[in-house]
Amino acid sequence: MMSLRSVARSAPRAISRLSSTALRQSSVARPSTLIKSSWAPLRSSQFASAFSTSQFRQAPKAEVDEELSLKLDSEIQFENSAKENEQLPASVKDFLENSPFKLTDIPGKEDVTLTRTFGNETITVTFSISDLTNYDSDDLYNEDSALADEEIESPGGQRSSSQPEDEEGLEDEVGGNETAVPCRLNVVVEKPGKGALNIEALAQDGQILVENFYYFKDAKLAHGETAETAHAAQDIYPGPPFGILDEDLQILMERYLEERGITQALAVFVPDYMDLKEQREYQAWLKNVKEFVDA
C-alpha cells in the first residue's frame, strides 16, 4: 500500500510556484531597453559589447545551496523520526522467518529477488519498487468514478446509495482504506537441461493473479537479464495468454505454483516489503543528494 509519507512528499509547493510565476510576469511587463533605443544608430562597438564574456568569467555564487541543504536535512530528520516509530509488518517478519525463499536485496537497486529450490527445480521470483514509484492512483479513481456513474437508479430516480459519493470517498480516505498497489511478479521455474517456465503475475489484495504462463527451451530467455536475451525472447512463441486457457487447466496451473510457494503469503509480503524498501532507498537518496550539495 502507498504509505502516508509518500503522499506527504508530493504535497504541492504553491507558494514557491506563485512567487516564481510573479517573477516571470514582472520580467515580461518590464519594457525592453532595446525598444527604447531602436531608433538610435547602431555602431560596431555596440555589437562587440553584446558578445562580451567578461561577466561570465566570475564563479557563480551558490545562493541556494545552504537553503537546499537545510531542507534536505529536514526531510532526513522527518524520515528518521517516522522510521523510529514504525515496526516491521507482521507479514514481512513471518515470511522472512518461515518462507523457504532466500531474499536478495541490493541497496540502490530497484529489483528484489527471491530464490528457492524445489526438488530438481530452481525457482526465482523477481519484483521491483518501480511499480510503487510509477503507480498512478488517479487512473484507479477514474475507473471507480465511471463505475459509480453506471450505478443502477431506483424507480424514483434516486441512486441506490443514500450517501453522496464525495462523502463516501472522504470516509474511505480518513478510515485508511487505501487501494493496494498491484505488484508485478516475474516467476521462473527451471529444470536442468529442460528449459524454464516463465510466469507473469500480479500480487494484489492478498491474491496471486496469473497473466501469462510461458515456456522457453533456453532458460536464459525466461530471465531476460540482458537486452539481447530479452530481444531474442520476443521472437519465440512462448504460449497463449493465460486467460484464454481452459478453466480447469488454469486451476491446475495455479495449484502447481502454490506448491512451489507462489501463495497468498507471498502476495501479502511483496507489497509490504516494497514499501519498506522504497522508504530505505528514499532515505539513502536524500543523504546522497545532501552530501553532494554540501561538498
# chains A, B, ... in the order shown; residues from 1 in each chain; ligands from 1
$ closest_atom_pairs --of "region 214-237 of chain A" --to "region 121-130 of chain A" --cutoff "12 Å" --atoms "only C-alpha atoms" --output "Markdown table"
| residue | atom | partner | partner_atom | distance |
| --- | --- | --- | --- | --- |
| A:Ala219 | CA | A:Thr122 | CA | 10.8 |
| A:Ala222 | CA | A:Thr124 | CA | 10.5 |
| A:His223 | CA | A:Thr124 | CA | 9.0 |
| A:Gly224 | CA | A:Thr126 | CA | 11.7 |
| A:Glu225 | CA | A:Thr126 | CA | 11.4 |
$ closest_atom_pairs --of "region 205-237 of chain A" --to "region 192-199 of chain A" --cutoff "12 Å" --atoms "only C-alpha atoms" --output "Markdown table"
| residue | atom | partner | partner_atom | distance |
| --- | --- | --- | --- | --- |
| A:Ile208 | CA | A:Ile199 | CA | 11.1 |
| A:Leu209 | CA | A:Ile199 | CA | 10.3 |
| A:Val210 | CA | A:Ile199 | CA | 7.2 |
| A:Glu211 | CA | A:Ile199 | CA | 7.6 |
| A:Asn212 | CA | A:Ile199 | CA | 5.6 |
| A:Phe213 | CA | A:Ile199 | CA | 4.7 |
| A:Tyr214 | CA | A:Asn198 | CA | 4.9 |
| A:Tyr215 | CA | A:Leu197 | CA | 4.5 |
| A:Phe216 | CA | A:Ala196 | CA | 5.4 |
| A:Lys217 | CA | A:Gly195 | CA | 4.1 |
| A:Asp218 | CA | A:Gly195 | CA | 4.9 |
| A:Ala219 | CA | A:Gly195 | CA | 4.7 |
| A:Lys220 | CA | A:Gly195 | CA | 8.3 |
| A:Leu221 | CA | A:Ala196 | CA | 8.6 |
| A:Ala222 | CA | A:Asn198 | CA | 5.5 |
| A:His223 | CA | A:Asn198 | CA | 7.9 |
| A:Gly224 | CA | A:Asn198 | CA | 10.3 |
| A:Ala233 | CA | A:Asn198 | CA | 11.1 |
$ write_last_selection --atoms "N, CA and C atoms" --output "mmCIF file, in the first residue's frame"
data_model
loop_
_atom_site.group_PDB
_atom_site.id
_atom_site.type_symbol
_atom_site.label_atom_id
_atom_site.label_comp_id
_atom_site.auth_asym_id
_atom_site.auth_seq_id
_atom_site.Cartn_x
_atom_site.Cartn_y
_atom_site.Cartn_z
ATOM 1 N N ILE A 208 -2.680 -13.876 -5.856
ATOM 2 C CA ILE A 208 -1.780 -14.006 -6.999
ATOM 3 C C ILE A 208 -2.647 -14.153 -8.241
ATOM 4 N N LEU A 209 -2.509 -13.209 -9.168
ATOM 5 C CA LEU A 209 -3.287 -13.220 -10.399
ATOM 6 C C LEU A 209 -2.342 -13.509 -11.552
ATOM 7 N N VAL A 210 -2.459 -14.714 -12.112
ATOM 8 C CA VAL A 210 -1.588 -15.127 -13.199
ATOM 9 C C VAL A 210 -2.065 -14.484 -14.499
ATOM 10 N N GLU A 211 -1.127 -13.896 -15.239
ATOM 11 C CA GLU A 211 -1.447 -13.264 -16.516
ATOM 12 C C GLU A 211 -0.947 -14.080 -17.707
ATOM 13 N N ASN A 212 0.269 -14.614 -17.586
ATOM 14 C CA ASN A 212 0.852 -15.389 -18.686
ATOM 15 C C ASN A 212 1.644 -16.559 -18.118
ATOM 16 N N PHE A 213 1.620 -17.674 -18.850
ATOM 17 C CA PHE A 213 2.311 -18.887 -18.434
ATOM 18 C C PHE A 213 3.120 -19.367 -19.635
ATOM 19 N N TYR A 214 4.398 -18.938 -19.683
ATOM 20 C CA TYR A 214 5.225 -19.169 -20.858
ATOM 21 C C TYR A 214 6.184 -20.344 -20.648
ATOM 22 N N TYR A 215 6.691 -20.854 -21.781
ATOM 23 C CA TYR A 215 7.741 -21.869 -21.745
ATOM 24 C C TYR A 215 8.842 -21.497 -22.723
ATOM 25 N N PHE A 216 10.094 -21.631 -22.263
ATOM 26 C CA PHE A 216 11.259 -21.380 -23.105
ATOM 27 C C PHE A 216 12.210 -22.574 -23.000
ATOM 28 N N LYS A 217 12.684 -23.051 -24.141
ATOM 29 C CA LYS A 217 13.670 -24.132 -24.130
ATOM 30 C C LYS A 217 14.993 -23.660 -23.547
ATOM 31 N N ASP A 218 15.302 -22.384 -23.770
ATOM 32 C CA ASP A 218 16.519 -21.791 -23.212
ATOM 33 C C ASP A 218 16.133 -20.986 -21.970
ATOM 34 N N ALA A 219 16.611 -21.419 -20.798
ATOM 35 C CA ALA A 219 16.236 -20.766 -19.544
ATOM 36 C C ALA A 219 16.673 -19.307 -19.499
ATOM 37 N N LYS A 220 17.739 -18.963 -20.221
ATOM 38 C CA LYS A 220 18.209 -17.584 -20.213
ATOM 39 C C LYS A 220 17.153 -16.632 -20.767
ATOM 40 N N LEU A 221 16.356 -17.115 -21.725
ATOM 41 C CA LEU A 221 15.323 -16.266 -22.308
ATOM 42 C C LEU A 221 14.221 -15.960 -21.296
ATOM 43 N N ALA A 222 13.999 -16.872 -20.381
ATOM 44 C CA ALA A 222 12.970 -16.652 -19.359
ATOM 45 C C ALA A 222 13.362 -15.542 -18.401
ATOM 46 N N HIS A 223 14.660 -15.436 -18.116
ATOM 47 C CA HIS A 223 15.127 -14.391 -17.196
ATOM 48 C C HIS A 223 15.230 -13.032 -17.887
ATOM 49 N N GLY A 224 15.678 -13.029 -19.135
ATOM 50 C CA GLY A 224 15.797 -11.763 -19.859
ATOM 51 C C GLY A 224 16.680 -10.755 -19.161
ATOM 52 N N ALA A 233 13.845 -13.332 -26.892
ATOM 53 C CA ALA A 233 12.619 -13.940 -26.369
ATOM 54 C C ALA A 233 11.384 -13.450 -27.110
#
$ select_by_dssp --residues "region 58-109 of chain A" --states "alpha helix (DSSP H)" --output "PyMOL selection string"
chain A and resi 65-84+90-98
$ write_last_selection --atoms "N, CA, C and O atoms" --output "compact mmCIF listing (two decimals), in the first residue's frame"
# COMPACT_ATOMS: atom_id res chain seq x y z
N ASP A 65 22.36 26.82 -2.22
CA ASP A 65 22.93 25.60 -1.67
C ASP A 65 22.59 25.41 -0.19
O ASP A 65 22.18 24.33 0.24
N GLU A 66 22.79 26.47 0.59
CA GLU A 66 22.58 26.37 2.02
C GLU A 66 21.12 26.09 2.34
O GLU A 66 20.79 25.25 3.19
N GLU A 67 20.22 26.79 1.64
CA GLU A 67 18.80 26.58 1.88
C GLU A 67 18.38 25.16 1.48
O GLU A 67 17.60 24.51 2.18
N LEU A 68 18.90 24.70 0.35
CA LEU A 68 18.59 23.34 -0.10
C LEU A 68 19.12 22.31 0.88
O LEU A 68 18.45 21.32 1.19
N SER A 69 20.31 22.52 1.38
CA SER A 69 20.90 21.58 2.34
C SER A 69 20.07 21.50 3.61
O SER A 69 19.85 20.40 4.16
N LEU A 70 19.60 22.64 4.08
CA LEU A 70 18.77 22.65 5.29
C LEU A 70 17.45 21.91 5.06
O LEU A 70 16.96 21.19 5.94
N LYS A 71 16.88 22.10 3.87
CA LYS A 71 15.62 21.43 3.57
C LYS A 71 15.83 19.92 3.47
O LYS A 71 15.01 19.13 3.97
N LEU A 72 16.92 19.51 2.84
CA LEU A 72 17.22 18.08 2.76
C LEU A 72 17.43 17.49 4.15
O LEU A 72 16.97 16.38 4.44
N ASP A 73 18.13 18.22 5.00
CA ASP A 73 18.34 17.75 6.37
C ASP A 73 17.02 17.62 7.11
O ASP A 73 16.81 16.67 7.89
N SER A 74 16.10 18.55 6.87
CA SER A 74 14.78 18.47 7.49
C SER A 74 14.03 17.23 7.04
O SER A 74 13.38 16.54 7.84
N GLU A 75 14.12 16.92 5.75
CA GLU A 75 13.46 15.73 5.23
C GLU A 75 14.09 14.46 5.82
O GLU A 75 13.37 13.50 6.14
N ILE A 76 15.40 14.47 5.97
CA ILE A 76 16.08 13.31 6.55
C ILE A 76 15.64 13.09 7.99
O ILE A 76 15.37 11.96 8.41
N GLN A 77 15.58 14.18 8.77
CA GLN A 77 15.14 14.07 10.16
C GLN A 77 13.71 13.57 10.25
O GLN A 77 13.37 12.76 11.12
N PHE A 78 12.86 14.02 9.33
CA PHE A 78 11.46 13.58 9.33
C PHE A 78 11.37 12.08 9.05
O PHE A 78 10.63 11.34 9.72
N GLU A 79 12.11 11.62 8.05
CA GLU A 79 12.08 10.20 7.71
C GLU A 79 12.65 9.36 8.84
O GLU A 79 12.13 8.27 9.13
N ASN A 80 13.70 9.84 9.50
CA ASN A 80 14.29 9.08 10.60
C ASN A 80 13.33 8.97 11.78
O ASN A 80 13.22 7.91 12.41
N SER A 81 12.64 10.06 12.09
CA SER A 81 11.68 10.03 13.20
C SER A 81 10.51 9.11 12.89
O SER A 81 10.01 8.40 13.76
N ALA A 82 10.07 9.10 11.63
CA ALA A 82 8.97 8.21 11.24
C ALA A 82 9.41 6.75 11.30
O ALA A 82 8.63 5.87 11.67
N LYS A 83 10.67 6.51 10.95
CA LYS A 83 11.19 5.15 10.96
C LYS A 83 11.28 4.61 12.38
O LYS A 83 11.04 3.41 12.63
N GLU A 84 11.63 5.48 13.34
CA GLU A 84 11.76 5.04 14.73
C GLU A 84 10.43 4.58 15.30
O GLU A 84 10.40 3.71 16.17
N ALA A 90 3.98 -7.57 10.28
CA ALA A 90 3.95 -8.99 10.61
C ALA A 90 4.08 -9.86 9.37
O ALA A 90 4.68 -10.94 9.40
N SER A 91 3.51 -9.39 8.25
CA SER A 91 3.58 -10.16 7.01
C SER A 91 5.02 -10.33 6.54
O SER A 91 5.40 -11.40 6.06
N VAL A 92 5.82 -9.28 6.69
CA VAL A 92 7.22 -9.34 6.29
C VAL A 92 8.02 -10.21 7.25
O VAL A 92 8.81 -11.07 6.83
N LYS A 93 7.79 -10.02 8.54
CA LYS A 93 8.52 -10.79 9.56
C LYS A 93 8.23 -12.28 9.42
O LYS A 93 9.15 -13.10 9.43
N ASP A 94 6.98 -12.64 9.30
CA ASP A 94 6.60 -14.05 9.21
C ASP A 94 7.14 -14.69 7.93
O ASP A 94 7.60 -15.84 7.95
N PHE A 95 7.09 -13.95 6.82
CA PHE A 95 7.55 -14.52 5.55
C PHE A 95 9.05 -14.76 5.59
O PHE A 95 9.52 -15.82 5.16
N LEU A 96 9.80 -13.79 6.09
CA LEU A 96 11.26 -13.93 6.12
C LEU A 96 11.69 -15.06 7.06
O LEU A 96 12.71 -15.72 6.83
N GLU A 97 10.93 -15.29 8.13
CA GLU A 97 11.30 -16.32 9.11
C GLU A 97 10.85 -17.72 8.70
O GLU A 97 11.52 -18.70 9.02
N ASN A 98 9.74 -17.83 7.99
CA ASN A 98 9.15 -19.14 7.73
C ASN A 98 9.17 -19.56 6.27
O ASN A 98 8.90 -20.73 5.97
$ residues_around --residues "Pro182 (chain A)" --least-positions-apart "5" --cutoff "12 Å" --atoms "only C-alpha atoms" --output "ChimeraX atom specification"
/A:1-2,127-137,140,201-209,267-268,270-272,274
$ atom_distance --atom1 "CA of Val289 (chain A)" --atom2 "CA of Cys183 (chain A)"
28.1 Å
$ atom_distance --atom1 "CA of Glu228 (chain A)" --atom2 "CA of Arg184 (chain A)"
22.1 Å
$ closest_residue --among "A:Ala295, A:Ile106, A:Leu257, A:Val188" --to "Glu281 (chain A)" --atoms "only C-alpha atoms"
A:Ile106
$ select_by_dssp --residues "region 97-130 of chain A" --states "strand (DSSP E)" --output "list in words"
Lys102, Leu103, Thr104, Asp105, Asp111, Val112, Thr113, Leu114, Thr115, Arg116, Thr117, Phe118, Glu121, Thr122, Ile123, Thr124, Val125, Thr126, Phe127 and Ser128 of chain A
